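Coordinates as given in upload_33.txt (compact mmCIF, C-alpha atoms and all ligand atoms):
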```txt
# COMPACT_ATOMS: atom_id res chain seq x y z
CA MET A 10 -1.03 8.94 -24.61
CA PHE A 11 -1.62 6.32 -27.29
CA LYS A 12 1.73 7.22 -28.81
CA LYS A 13 3.33 6.82 -25.41
CA ILE A 14 1.85 3.34 -24.97
CA VAL A 15 3.16 2.22 -28.35
CA MET A 16 6.59 3.66 -27.62
CA PHE A 17 6.62 2.02 -24.22
CA ALA A 18 5.52 -1.33 -25.60
CA ALA A 19 8.35 -1.16 -28.12
CA THR A 20 10.87 -0.27 -25.42
CA ALA A 21 9.49 -2.98 -23.17
CA ALA A 22 9.90 -5.61 -25.85
CA THR A 23 13.58 -4.92 -26.26
CA SER A 24 14.79 -3.92 -22.84
CA LEU A 25 13.60 -6.15 -20.09
CA VAL A 26 15.04 -4.96 -16.83
CA LEU A 27 14.54 -6.78 -13.56
CA ALA A 28 13.14 -4.52 -10.90
CA GLY A 29 15.02 -4.35 -7.61
CA CYS A 30 13.67 -6.25 -4.65
CA ALA A 31 14.98 -4.35 -1.67
CA GLY A 32 13.41 -5.63 1.53
CA GLY A 33 12.47 -2.41 3.29
CA GLY A 34 10.14 -2.02 6.25
CA ALA A 35 6.67 -0.52 6.44
CA GLY A 36 6.52 2.12 3.77
CA SER A 37 9.09 0.52 1.54
CA GLY A 38 7.89 -0.83 -1.77
CA ASN A 39 9.32 -4.08 -3.01
CA GLY A 40 9.51 -2.68 -6.48
CA ALA A 41 7.72 -4.47 -9.26
CA GLY A 42 8.67 -8.07 -9.86
CA GLY A 43 9.76 -8.84 -13.42
CA GLY A 44 8.91 -5.32 -14.58
CA THR A 45 10.21 -3.24 -17.41
CA GLN A 46 11.99 0.09 -17.35
CA ALA A 47 9.46 2.82 -17.96
CA PRO A 48 10.13 5.86 -20.10
CA ALA A 49 11.15 8.70 -17.82
CA ASP A 50 8.38 10.95 -19.06
CA THR A 51 5.56 8.69 -17.87
CA ARG A 52 3.62 10.41 -15.10
CA ILE A 53 1.51 8.55 -12.61
CA GLY A 54 -1.00 10.33 -10.39
CA VAL A 55 -1.66 8.72 -7.02
CA SER A 56 -4.55 9.96 -4.90
CA LEU A 57 -4.92 8.67 -1.33
CA PRO A 58 -7.51 9.54 1.37
CA SER A 59 -5.54 11.30 4.13
CA GLN A 60 -2.43 11.38 6.23
CA ASP A 61 -4.46 11.03 9.44
CA GLU A 62 -3.88 7.31 9.51
CA GLU A 63 -0.44 5.74 9.43
CA ARG A 64 -1.82 3.14 7.01
CA TRP A 65 -2.09 5.59 4.10
CA ILE A 66 1.28 7.22 4.77
CA THR A 67 2.83 3.77 4.60
CA ASP A 68 0.96 2.96 1.39
CA GLY A 69 1.97 6.28 -0.18
CA LYS A 70 5.67 5.76 0.52
CA ALA A 71 5.61 2.19 -0.78
CA ILE A 72 3.76 3.07 -4.00
CA LYS A 73 5.94 6.09 -4.76
CA GLU A 74 9.14 4.21 -4.10
CA GLY A 75 8.00 1.20 -6.16
CA LEU A 76 6.93 3.32 -9.14
CA GLU A 77 10.05 5.48 -9.06
CA LYS A 78 12.25 2.42 -8.88
CA VAL A 79 10.98 1.33 -12.30
CA GLY A 80 11.41 4.81 -13.70
CA TYR A 81 8.04 6.56 -13.51
CA GLN A 82 7.43 10.09 -12.32
CA VAL A 83 4.97 10.13 -9.43
CA ASP A 84 2.54 12.80 -8.30
CA LEU A 85 1.34 11.61 -4.87
CA GLN A 86 -1.48 13.59 -3.24
CA TYR A 87 -3.45 13.15 -0.02
CA ALA A 88 -7.02 14.44 0.05
CA ASN A 89 -7.25 15.31 3.74
CA ASN A 90 -10.47 13.26 3.99
CA ASP A 91 -12.23 15.91 1.88
CA ILE A 92 -14.06 14.92 -1.28
CA PRO A 93 -13.78 18.28 -3.14
CA THR A 94 -10.05 18.32 -2.37
CA GLN A 95 -9.69 14.86 -3.88
CA GLN A 96 -11.66 15.89 -6.98
CA GLN A 97 -9.47 18.97 -7.42
CA GLN A 98 -6.27 17.00 -6.96
CA VAL A 99 -7.28 14.43 -9.56
CA ASP A 100 -8.36 17.23 -11.96
CA GLN A 101 -4.92 18.70 -11.56
CA MET A 102 -3.20 15.38 -12.19
CA LEU A 103 -5.10 15.16 -15.47
CA THR A 104 -4.27 18.75 -16.44
CA GLN A 105 -0.61 18.07 -15.76
CA GLY A 106 -0.63 15.14 -18.17
CA ALA A 107 -0.95 12.03 -16.01
CA ASP A 108 -0.60 8.83 -18.04
CA LEU A 109 -2.18 6.57 -15.43
CA LEU A 110 -4.15 7.15 -12.23
CA ILE A 111 -4.01 5.16 -8.99
CA LEU A 112 -7.01 6.15 -6.91
CA ALA A 113 -8.21 5.33 -3.39
CA PRO A 114 -11.46 7.32 -3.44
CA LEU A 115 -12.92 8.77 -0.26
CA ASP A 116 -16.38 8.30 -1.65
CA GLY A 117 -16.45 5.51 -4.22
CA THR A 118 -18.94 7.38 -6.39
CA ALA A 119 -17.60 10.94 -6.27
CA LEU A 120 -14.92 10.95 -8.97
CA SER A 121 -17.13 10.24 -12.01
CA PRO A 122 -16.29 13.40 -14.03
CA GLN A 123 -12.57 12.83 -13.49
CA LEU A 124 -12.88 9.17 -14.46
CA GLN A 125 -14.77 10.02 -17.62
CA GLN A 126 -12.19 12.58 -18.60
CA ALA A 127 -9.41 10.08 -17.98
CA ALA A 128 -11.16 7.37 -19.97
CA SER A 129 -11.77 9.69 -22.92
CA SER A 130 -8.00 10.24 -23.08
CA ASN A 131 -7.26 6.50 -22.70
CA ILE A 132 -5.70 6.98 -19.30
CA PRO A 133 -5.85 3.69 -17.37
CA ILE A 134 -7.27 3.72 -13.85
CA VAL A 135 -6.24 1.50 -10.95
CA SER A 136 -8.64 1.43 -8.01
CA TYR A 137 -6.30 1.13 -5.04
CA ASP A 138 -7.65 -0.59 -1.92
CA ARG A 139 -10.80 1.58 -1.96
CA PHE A 140 -13.33 0.72 -4.62
CA VAL A 141 -14.32 3.08 -7.45
CA ARG A 142 -18.09 2.63 -7.82
CA ASN A 143 -20.66 3.25 -10.56
CA SER A 144 -18.08 3.63 -13.28
CA ALA A 145 -17.12 1.44 -16.19
CA ASP A 146 -13.88 3.40 -16.53
CA VAL A 147 -11.86 1.60 -13.90
CA ASP A 148 -9.46 -1.04 -15.25
CA VAL A 149 -8.44 -3.05 -12.22
CA TYR A 150 -8.96 -3.17 -8.45
CA VAL A 151 -5.97 -4.03 -6.29
CA THR A 152 -6.90 -4.65 -2.68
CA PHE A 153 -6.88 -7.05 0.23
CA ASP A 154 -9.63 -9.58 0.80
CA ASN A 155 -11.94 -7.25 2.70
CA PHE A 156 -14.62 -9.87 3.46
CA LYS A 157 -11.93 -12.10 4.95
CA VAL A 158 -10.64 -9.19 7.02
CA GLY A 159 -14.08 -8.92 8.67
CA ALA A 160 -14.44 -12.67 9.10
CA GLN A 161 -11.00 -12.78 10.70
CA GLN A 162 -11.86 -9.94 13.10
CA ALA A 163 -14.99 -11.80 14.21
CA THR A 164 -13.06 -15.04 14.62
CA SER A 165 -10.44 -13.22 16.69
CA LEU A 166 -13.18 -11.71 18.87
CA LEU A 167 -14.54 -15.22 19.53
CA ILE A 168 -11.05 -16.51 20.28
CA GLY A 169 -10.45 -13.63 22.70
CA LEU A 170 -13.69 -14.45 24.51
CA GLY A 171 -12.76 -18.15 24.65
CA VAL A 172 -15.77 -19.19 22.55
CA LEU A 173 -13.36 -20.52 19.93
CA ASN A 174 -9.87 -21.92 20.30
CA LYS A 175 -7.08 -20.54 18.15
CA ASP A 176 -7.29 -23.55 15.83
CA GLY A 177 -10.95 -22.70 15.13
CA SER A 178 -12.42 -25.49 17.26
CA GLU A 179 -15.16 -24.72 19.82
CA GLY A 180 -13.71 -23.36 23.09
CA SER A 181 -14.98 -23.92 26.61
CA ALA A 182 -16.57 -20.48 27.18
CA LYS A 183 -20.30 -20.42 26.58
CA GLY A 184 -21.23 -16.84 27.53
CA PRO A 185 -23.48 -15.04 27.35
CA PHE A 186 -21.05 -12.25 26.54
CA ASN A 187 -22.04 -8.63 26.05
CA ILE A 188 -20.57 -7.20 22.89
CA GLU A 189 -20.93 -4.08 20.75
CA LEU A 190 -20.31 -3.70 17.04
CA PHE A 191 -18.53 -0.91 15.17
CA GLY A 192 -18.31 -0.46 11.41
CA GLY A 193 -16.23 1.66 9.05
CA SER A 194 -17.30 4.64 6.95
CA LEU A 195 -20.50 4.18 4.95
CA ASP A 196 -19.13 5.90 1.83
CA ASP A 197 -16.29 3.35 1.70
CA ASN A 198 -17.28 0.08 0.06
CA ASN A 199 -14.71 -1.75 2.17
CA ALA A 200 -16.78 -0.98 5.28
CA THR A 201 -19.63 -3.10 3.88
CA PHE A 202 -17.37 -6.01 2.92
CA VAL A 203 -15.62 -5.96 6.30
CA PHE A 204 -18.89 -5.74 8.25
CA ASN A 205 -20.56 -8.47 6.21
CA GLY A 206 -17.51 -10.67 6.70
CA GLY A 207 -17.74 -10.10 10.45
CA MET A 208 -21.44 -10.84 10.64
CA SER A 209 -21.03 -13.99 8.53
CA VAL A 210 -19.15 -15.39 11.53
CA LEU A 211 -20.92 -13.69 14.47
CA GLN A 212 -24.59 -14.03 13.50
CA LYS A 213 -24.82 -17.67 14.56
CA TYR A 214 -23.49 -16.82 18.05
CA ILE A 215 -25.86 -13.87 18.37
CA ASP A 216 -28.77 -16.08 17.31
CA ASN A 217 -27.94 -18.81 19.85
CA GLY A 218 -27.47 -16.33 22.70
CA THR A 219 -23.71 -16.77 23.21
CA LEU A 220 -23.26 -13.11 22.24
CA VAL A 221 -25.60 -10.31 23.22
CA VAL A 222 -25.44 -6.92 21.47
CA LYS A 223 -26.85 -5.00 24.43
CA SER A 224 -27.48 -1.75 22.59
CA GLY A 225 -29.45 -3.63 19.95
CA GLN A 226 -27.45 -1.76 17.30
CA ASN A 227 -26.49 -4.45 14.83
CA LYS A 228 -26.91 -2.94 11.35
CA LEU A 229 -24.01 -1.29 9.55
CA ALA A 230 -26.02 1.93 9.18
CA GLN A 231 -26.34 2.07 13.00
CA VAL A 232 -22.76 1.18 13.87
CA ALA A 233 -20.80 2.93 11.10
CA THR A 234 -17.98 5.37 11.90
CA GLU A 235 -17.74 8.37 9.60
CA ASN A 236 -14.29 8.52 7.97
CA TRP A 237 -13.25 5.64 10.25
CA SER A 238 -12.51 8.45 12.72
CA GLN A 239 -10.89 7.61 16.06
CA GLN A 240 -12.63 10.59 17.68
CA LYS A 241 -16.07 9.63 16.35
CA ALA A 242 -15.56 6.05 17.56
CA GLN A 243 -14.63 7.29 21.01
CA GLU A 244 -17.78 9.44 21.13
CA ARG A 245 -20.05 6.57 20.08
CA MET A 246 -18.45 4.23 22.65
CA ASP A 247 -18.97 6.90 25.35
CA ASN A 248 -22.65 7.05 24.40
CA LEU A 249 -23.05 3.27 24.36
CA LEU A 250 -21.48 2.97 27.80
CA THR A 251 -23.80 5.60 29.21
CA ALA A 252 -26.89 4.12 27.60
CA SER A 253 -26.35 0.40 28.14
CA TYR A 254 -23.58 -0.23 30.66
CA SER A 255 -23.76 2.43 33.36
CA GLY A 256 -24.52 1.91 37.02
CA GLY A 257 -22.59 -1.36 37.24
CA THR A 258 -25.53 -3.31 35.79
CA ALA A 259 -23.71 -4.90 32.91
CA LYS A 260 -20.12 -5.44 31.91
CA LEU A 261 -18.96 -5.15 28.33
CA ASP A 262 -16.90 -8.17 27.22
CA GLY A 263 -15.97 -7.48 23.63
CA VAL A 264 -16.15 -4.95 20.81
CA LEU A 265 -15.92 -5.80 17.14
CA THR A 266 -13.77 -2.90 15.95
CA PRO A 267 -13.20 -2.64 12.19
CA ASN A 268 -9.77 -1.03 12.07
CA ASP A 269 -7.00 0.16 14.34
CA SER A 270 -8.00 3.83 14.46
CA VAL A 271 -11.56 2.94 15.48
CA ALA A 272 -10.17 0.46 18.02
CA ARG A 273 -7.96 3.15 19.56
CA GLY A 274 -10.98 5.46 19.94
CA VAL A 275 -12.98 2.67 21.56
CA ILE A 276 -10.09 1.73 23.87
CA THR A 277 -9.67 5.34 25.00
CA SER A 278 -13.36 5.55 25.86
CA LEU A 279 -13.25 2.23 27.73
CA GLY A 280 -10.14 3.27 29.64
CA ASN A 281 -11.85 6.52 30.71
CA ALA A 282 -14.79 4.46 31.96
CA GLY A 283 -12.58 2.31 34.18
CA TYR A 284 -12.10 -0.73 31.95
CA GLY A 285 -8.62 -2.17 31.80
CA PRO A 286 -5.91 -1.06 31.43
CA THR A 287 -5.25 -4.58 30.18
CA LEU A 288 -7.20 -7.65 29.10
CA SER A 289 -6.58 -9.26 32.49
CA SER A 290 -7.24 -6.31 34.83
CA GLN A 291 -9.79 -6.87 37.59
CA PRO A 292 -12.62 -6.19 38.23
CA LYS A 293 -13.28 -4.74 34.77
CA PRO A 294 -10.81 -6.15 32.23
CA MET A 295 -10.39 -4.28 28.97
CA PRO A 296 -12.95 -5.87 26.60
CA VAL A 297 -11.63 -7.95 23.71
CA THR A 298 -11.12 -5.66 20.70
CA THR A 299 -10.12 -6.32 17.12
CA GLY A 300 -8.48 -4.23 14.42
CA GLN A 301 -7.14 -3.88 10.91
CA ASP A 302 -3.92 -2.51 9.40
CA ALA A 303 -1.46 -3.47 12.12
CA GLU A 304 -0.62 0.18 12.68
CA VAL A 305 2.37 0.43 14.95
CA ALA A 306 0.51 2.15 17.84
CA SER A 307 -2.04 -0.67 17.83
CA VAL A 308 0.60 -3.38 17.50
CA LYS A 309 2.06 -1.97 20.71
CA PHE A 310 -1.41 -2.22 22.26
CA VAL A 311 -1.60 -5.87 21.19
CA ASN A 312 1.86 -6.48 22.59
CA ASP A 313 0.87 -4.80 25.87
CA ASP A 314 -2.40 -6.83 26.24
CA VAL A 315 -4.60 -3.79 25.68
CA GLN A 316 -6.02 -4.64 22.21
CA PHE A 317 -6.55 -8.33 21.56
CA SER A 318 -5.79 -8.57 17.84
CA THR A 319 -5.38 -6.79 14.56
CA VAL A 320 -5.17 -7.84 10.91
CA PHE A 321 -1.93 -7.33 9.00
CA LYS A 322 -2.34 -6.12 5.46
CA ASP A 323 1.15 -5.93 4.01
CA THR A 324 1.15 -2.63 2.15
CA ARG A 325 4.50 -3.54 0.60
CA ALA A 326 2.80 -6.39 -1.24
CA LEU A 327 -0.15 -4.21 -2.25
CA ALA A 328 2.15 -1.51 -3.59
CA ALA A 329 4.26 -4.05 -5.49
CA GLN A 330 1.13 -5.52 -7.09
CA THR A 331 -0.01 -2.02 -8.02
CA VAL A 332 3.28 -1.23 -9.67
CA LYS A 333 2.99 -4.44 -11.71
CA ALA A 334 -0.59 -3.62 -12.70
CA SER A 335 0.46 -0.11 -13.74
CA GLN A 336 3.27 -1.44 -15.88
CA ASP A 337 0.95 -3.91 -17.57
CA LEU A 338 -1.74 -1.33 -18.25
CA LEU A 339 0.78 1.13 -19.67
CA ALA A 340 2.09 -1.63 -21.91
CA GLY A 341 -1.46 -2.29 -23.15
CA LYS A 342 -1.65 -5.65 -21.35
CA ASP A 343 -4.29 -7.06 -19.00
CA PRO A 344 -3.00 -6.89 -15.43
CA GLU A 345 -2.80 -10.00 -13.26
CA VAL A 346 -6.02 -10.67 -11.30
CA ASN A 347 -7.25 -13.45 -9.00
CA ASP A 348 -10.91 -12.51 -8.55
CA THR A 349 -13.33 -11.78 -11.36
CA LYS A 350 -16.58 -12.19 -9.41
CA SER A 351 -16.71 -10.36 -6.09
CA TYR A 352 -16.40 -6.70 -6.98
CA ASP A 353 -19.39 -5.42 -8.91
CA ASN A 354 -19.19 -1.63 -8.88
CA GLY A 355 -22.68 -1.05 -10.27
CA SER A 356 -21.43 -0.55 -13.84
CA LYS A 357 -19.25 -3.61 -14.22
CA ILE A 358 -17.53 -6.37 -12.32
CA VAL A 359 -14.07 -5.01 -11.87
CA PRO A 360 -11.29 -7.58 -12.30
CA SER A 361 -9.47 -7.62 -8.97
CA PHE A 362 -6.30 -8.77 -7.34
CA LEU A 363 -6.78 -9.62 -3.65
CA VAL A 364 -3.61 -9.68 -1.57
CA PRO A 365 -3.70 -12.15 1.38
CA ILE A 366 -4.17 -10.99 4.97
CA GLN A 367 -2.83 -12.30 8.27
CA PRO A 368 -4.25 -12.12 11.82
CA ILE A 369 -1.93 -10.64 14.44
CA TYR A 370 -1.94 -11.65 18.09
CA LYS A 371 0.66 -11.01 20.76
CA ASP A 372 2.39 -14.29 19.96
CA ASN A 373 3.07 -13.68 16.26
CA ILE A 374 4.07 -10.00 16.29
CA LYS A 375 7.71 -11.03 16.10
CA SER A 376 7.42 -13.56 13.29
CA ALA A 377 4.90 -11.65 11.15
CA LEU A 378 5.91 -8.04 11.64
CA ILE A 379 9.42 -7.81 13.04
CA ASP A 380 11.16 -10.74 11.35
CA SER A 381 9.60 -9.72 8.02
CA GLY A 382 11.16 -6.27 8.41
CA TYR A 383 7.83 -4.42 8.50
CA TYR A 384 8.66 -2.90 11.89
CA THR A 385 11.71 -2.97 14.10
CA ALA A 386 11.38 -4.31 17.65
CA GLU A 387 12.11 -0.75 18.86
CA GLU A 388 9.21 0.64 16.83
CA VAL A 389 6.80 -1.89 18.31
CA ALA A 390 8.08 -1.16 21.82
CA ALA A 391 7.68 2.59 21.27
CA GLY A 392 4.40 2.35 19.39
CA ARG A 393 5.61 4.65 16.64
CA LEU A 394 7.70 4.59 13.48
CA GLN A 395 11.28 5.75 13.92
C1 LIG A 401 -9.04 0.35 4.34
C2 LIG A 401 -8.56 0.11 5.75
C3 LIG A 401 -8.45 1.42 6.51
C4 LIG A 401 -9.71 2.23 6.37
C5 LIG A 401 -9.58 3.59 6.99
C6 LIG A 401 -10.30 1.17 4.38
O1 LIG A 401 -10.76 1.42 3.11
O2 LIG A 401 -9.24 -0.87 3.69
O3 LIG A 401 -7.32 -0.53 5.71
O4 LIG A 401 -8.21 1.18 7.86
O5 LIG A 401 -10.04 2.39 5.02
O6 LIG A 401 -8.69 4.39 6.32
```
The structure given in the file should be rewritten as structure tokens.
Amino acid sequence: MFKKIVMFAATAATSLVLAGCAGGGAGSGNGAGGGTQAPADTRIGVSLPSQDEERWITDGKAIKEGLEKVGYQVDLQYANNDIPTQQQQVDQMLTQGADLLILAPLDGTALSPQLQQAASSNIPIVSYDRFVRNSADVDVYVTFDNFKVGAQQATSLLIGLGVLNKDGSEGSAKGPFNIELFGGSLDDNNATFVFNGGMSVLQKYIDNGTLVVKSGQNKLAQVATENWSQQKAQERMDNLLTASYSGGTAKLDGVLTPNDSVARGVITSLGNAGYGPTLSSQPKPMPVTTGQDAEVASVKFVNDDVQFSTVFKDTRALAAQTVKASQDLLAGKDPEVNDTKSYDNGSKIVPSFLVPIQPIYKDNIKSALIDSGYYTAEEVAAGRLQ
């Protein structure tokens, strides 16, 4: 490995090659800006959580394409939401001679033996979107601003209820509004950042009575959704409706939903209980829901007035940044970062690069997602990638 780094650094010094910048849609990497041609025998192992969510399929395609464009060999594996499978896959990447690992761990703490083995062979590790915890062996974290994602979801919920105007000023609606809270998966550090971001905005409105969490469930441990599962979210929403909203006594006005798959589970449950089908249906409009990832099925929901908002995290930008970080690490350089404070993994503060996020409402689907080439208008209309 060390020999490879030296060889690569020498090659890099003499043969600077501009990486291509093809503007593909969701799932197309932008390539690495200003990168260098990698030696063809450099292998990069990429381990992602599952193919159950469109988000990770899109990430996988963009990373693979971006890395291959600058000449690396890529071993991309999905762990099927199963921790032992992910451990085995990473073990295998190491056995097969990976020179760098890009990891989105299912459980941030579960890959320690693999990380140690990688570190003892000087194999750099990029923590990709999901945070590697309790390990000093991770070199860089490339992600979106997860706290901001949560704060944005909460702001969107307040806008949907009319408590805030779109420009952030106080709206005319005073409530009280009945809401429920959902969180992500407890083993995923992002779930904590997203939930804390959300509560940083909502707490004040809960305290002053504008918002009422009728179930009383307002701690992440109570509202979490294992594996961010759509099915589990639907089941919890069914239970909440039975326990706190049955018999026509109370109407649910909004649900803080932490990502698009959870939102779809919640929306299915609400639809079955007679809410909706849209945000303006009478007598029981679909409650205001939020999201994350701008998955195409949920963007269609936003477009059709079923889901109020989502948060766009441009996986093309994340993949491009990851390719750059990989190139730097393989060349023995420090990768670009923009946050050296927020992400303490228990063993060290991991230098991080946070890619910006963007809220999505019905009125900016075209400019943010279609005009930027992330989706075609047909894909949004159909609610699936074509
Ligand atoms: C990611 C989200 C994703 C969720 C479920 C999180 O770690 O940041 O974008 O929706 O995992 O896969």
What are the nearest atom pairs, with distances in Å to one decimal, for all residues of chain A that come at most 9 Å from ligand LIG 401 (chain A), using all atoms listed in the file, set out by chain and rising residue number as JSON lines?
```
{"residue": "A:Pro58", "atom": "CA", "partner": "A:LIG401", "partner_atom": "O6", "distance": 7.2}
{"residue": "A:Ser59", "atom": "CA", "partner": "A:LIG401", "partner_atom": "O6", "distance": 7.9}
{"residue": "A:Asp61", "atom": "CA", "partner": "A:LIG401", "partner_atom": "O6", "distance": 8.5}
{"residue": "A:Glu62", "atom": "CA", "partner": "A:LIG401", "partner_atom": "O6", "distance": 6.5}
{"residue": "A:Glu63", "atom": "CA", "partner": "A:LIG401", "partner_atom": "O6", "distance": 8.9}
{"residue": "A:Arg64", "atom": "CA", "partner": "A:LIG401", "partner_atom": "O4", "distance": 6.7}
{"residue": "A:Trp65", "atom": "CA", "partner": "A:LIG401", "partner_atom": "O6", "distance": 7.1}
{"residue": "A:Ala113", "atom": "CA", "partner": "A:LIG401", "partner_atom": "O1", "distance": 8.0}
{"residue": "A:Pro114", "atom": "CA", "partner": "A:LIG401", "partner_atom": "O1", "distance": 8.8}
{"residue": "A:Leu115", "atom": "CA", "partner": "A:LIG401", "partner_atom": "O1", "distance": 8.4}
{"residue": "A:Asp138", "atom": "CA", "partner": "A:LIG401", "partner_atom": "O2", "distance": 5.8}
{"residue": "A:Arg139", "atom": "CA", "partner": "A:LIG401", "partner_atom": "O1", "distance": 5.1}
{"residue": "A:Phe140", "atom": "CA", "partner": "A:LIG401", "partner_atom": "O1", "distance": 8.2}
{"residue": "A:Thr152", "atom": "CA", "partner": "A:LIG401", "partner_atom": "O2", "distance": 7.8}
{"residue": "A:Phe153", "atom": "CA", "partner": "A:LIG401", "partner_atom": "O2", "distance": 7.5}
{"residue": "A:Asn155", "atom": "CA", "partner": "A:LIG401", "partner_atom": "O2", "distance": 7.0}
{"residue": "A:Gly193", "atom": "CA", "partner": "A:LIG401", "partner_atom": "C4", "distance": 7.1}
{"residue": "A:Ser194", "atom": "CA", "partner": "A:LIG401", "partner_atom": "C5", "distance": 7.8}
{"residue": "A:Asp197", "atom": "CA", "partner": "A:LIG401", "partner_atom": "O1", "distance": 6.0}
{"residue": "A:Asn198", "atom": "CA", "partner": "A:LIG401", "partner_atom": "O1", "distance": 7.3}
{"residue": "A:Asn199", "atom": "CA", "partner": "A:LIG401", "partner_atom": "O1", "distance": 5.2}
{"residue": "A:Ala200", "atom": "CA", "partner": "A:LIG401", "partner_atom": "O1", "distance": 6.8}
{"residue": "A:Val203", "atom": "CA", "partner": "A:LIG401", "partner_atom": "O2", "distance": 8.6}
{"residue": "A:Asn236", "atom": "CA", "partner": "A:LIG401", "partner_atom": "C5", "distance": 6.9}
{"residue": "A:Trp237", "atom": "CA", "partner": "A:LIG401", "partner_atom": "C5", "distance": 5.3}
{"residue": "A:Ser238", "atom": "CA", "partner": "A:LIG401", "partner_atom": "C5", "distance": 8.1}
{"residue": "A:Pro267", "atom": "CA", "partner": "A:LIG401", "partner_atom": "O4", "distance": 7.6}
{"residue": "A:Asn268", "atom": "CA", "partner": "A:LIG401", "partner_atom": "O4", "distance": 5.0}
{"residue": "A:Asp269", "atom": "CA", "partner": "A:LIG401", "partner_atom": "O4", "distance": 6.7}
{"residue": "A:Ser270", "atom": "CA", "partner": "A:LIG401", "partner_atom": "O4", "distance": 7.1}
{"residue": "A:Val271", "atom": "CA", "partner": "A:LIG401", "partner_atom": "O4", "distance": 8.5}
{"residue": "A:Gly300", "atom": "CA", "partner": "A:LIG401", "partner_atom": "O4", "distance": 8.5}
{"residue": "A:Gln301", "atom": "CA", "partner": "A:LIG401", "partner_atom": "O4", "distance": 6.0}
{"residue": "A:Asp302", "atom": "CA", "partner": "A:LIG401", "partner_atom": "O3", "distance": 5.4}
{"residue": "A:Lys322", "atom": "CA", "partner": "A:LIG401", "partner_atom": "O3", "distance": 7.5}
```
From the list A:Ser356, A:Leu327, A:Thr298, A:Gln101, the nearest residue to Ile168 in chain A using all atoms listed in the file is A:Thr298
Skip range 221-224 of chain A itself and residues of its chain fewer than 2 positions away, then list as number ranges by chain all residues within 9 Å of it, counting only C-alpha atoms.
-> A: 184-190, 214-216, 218-219, 226-227, 249, 252-254, 261
Now that the selection is made, can you save its residues with C-alpha atoms as a PDB file, in the frame of the given file?
```
ATOM      1  CA  GLY A 184     -21.230 -16.840  27.530  1.00  0.00           C
ATOM      2  CA  PRO A 185     -23.480 -15.040  27.350  1.00  0.00           C
ATOM      3  CA  PHE A 186     -21.050 -12.250  26.540  1.00  0.00           C
ATOM      4  CA  ASN A 187     -22.040  -8.630  26.050  1.00  0.00           C
ATOM      5  CA  ILE A 188     -20.570  -7.200  22.890  1.00  0.00           C
ATOM      6  CA  GLU A 189     -20.930  -4.080  20.750  1.00  0.00           C
ATOM      7  CA  LEU A 190     -20.310  -3.700  17.040  1.00  0.00           C
ATOM      8  CA  TYR A 214     -23.490 -16.820  18.050  1.00  0.00           C
ATOM      9  CA  ILE A 215     -25.860 -13.870  18.370  1.00  0.00           C
ATOM     10  CA  ASP A 216     -28.770 -16.080  17.310  1.00  0.00           C
ATOM     11  CA  GLY A 218     -27.470 -16.330  22.700  1.00  0.00           C
ATOM     12  CA  THR A 219     -23.710 -16.770  23.210  1.00  0.00           C
ATOM     13  CA  GLN A 226     -27.450  -1.760  17.300  1.00  0.00           C
ATOM     14  CA  ASN A 227     -26.490  -4.450  14.830  1.00  0.00           C
ATOM     15  CA  LEU A 249     -23.050   3.270  24.360  1.00  0.00           C
ATOM     16  CA  ALA A 252     -26.890   4.120  27.600  1.00  0.00           C
ATOM     17  CA  SER A 253     -26.350   0.400  28.140  1.00  0.00           C
ATOM     18  CA  TYR A 254     -23.580  -0.230  30.660  1.00  0.00           C
ATOM     19  CA  LEU A 261     -18.960  -5.150  28.330  1.00  0.00           C
TER      20      LEU A 261
END
```
Tell me, as a ChimeraX atom specification, which residues lie within 10 Å of Val55 in chain A, counting all atoms listed in the file; anything in the same chain fewer than 2 positions away does not count.
-> /A:52-53,57,69,72-73,83-87,98-99,102,107,109-113,135,137
Store the residues picked out above in a file with C-alpha atoms, as a compact mmCIF listing (two decimals), in the frame of the given file.
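out-v5.txt, written as the output of this step:
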```
# COMPACT_ATOMS: atom_id res chain seq x y z
CA ARG A 52 3.62 10.41 -15.10
CA ILE A 53 1.51 8.55 -12.61
CA LEU A 57 -4.92 8.67 -1.33
CA GLY A 69 1.97 6.28 -0.18
CA ILE A 72 3.76 3.07 -4.00
CA LYS A 73 5.94 6.09 -4.76
CA VAL A 83 4.97 10.13 -9.43
CA ASP A 84 2.54 12.80 -8.30
CA LEU A 85 1.34 11.61 -4.87
CA GLN A 86 -1.48 13.59 -3.24
CA TYR A 87 -3.45 13.15 -0.02
CA GLN A 98 -6.27 17.00 -6.96
CA VAL A 99 -7.28 14.43 -9.56
CA MET A 102 -3.20 15.38 -12.19
CA ALA A 107 -0.95 12.03 -16.01
CA LEU A 109 -2.18 6.57 -15.43
CA LEU A 110 -4.15 7.15 -12.23
CA ILE A 111 -4.01 5.16 -8.99
CA LEU A 112 -7.01 6.15 -6.91
CA ALA A 113 -8.21 5.33 -3.39
CA VAL A 135 -6.24 1.50 -10.95
CA TYR A 137 -6.30 1.13 -5.04
```
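The coordinates place CA of Gln231 in chain A at 26.3 Å from CA of Leu120 in chain A.
For the choices A:Asn373, A:Ser129, A:Gln243, A:Ser56, the atom-to-atom distance to Gln95 in chain A is smallest for A:Ser56 when using all atoms listed in the file.
Taking CA of Phe156 in chain A and CA of Tyr383 in chain A as the two end points, the separation is 23.6 Å.
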Would you kindly return, as an MDAnalysis selection string, each protein, DNA or RNA residue with an atom no farther than 7 Å from any atom of Gly206 in chain A, considering all atoms listed in the file and excluding same-chain residues fewer than 6 positions away?
-> chainID A and resid 156:157 159:160
Output for the residues just chosen: C-alpha atoms as an mmCIF file, keeping the file's coordinate frame:
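See out_33.cif below for the written result:
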```
data_model
loop_
_atom_site.group_PDB
_atom_site.id
_atom_site.type_symbol
_atom_site.label_atom_id
_atom_site.label_comp_id
_atom_site.auth_asym_id
_atom_site.auth_seq_id
_atom_site.Cartn_x
_atom_site.Cartn_y
_atom_site.Cartn_z
ATOM 1 C CA PHE A 156 -14.620 -9.870 3.460
ATOM 2 C CA LYS A 157 -11.930 -12.100 4.950
ATOM 3 C CA GLY A 159 -14.080 -8.920 8.670
ATOM 4 C CA ALA A 160 -14.440 -12.670 9.100
#
```
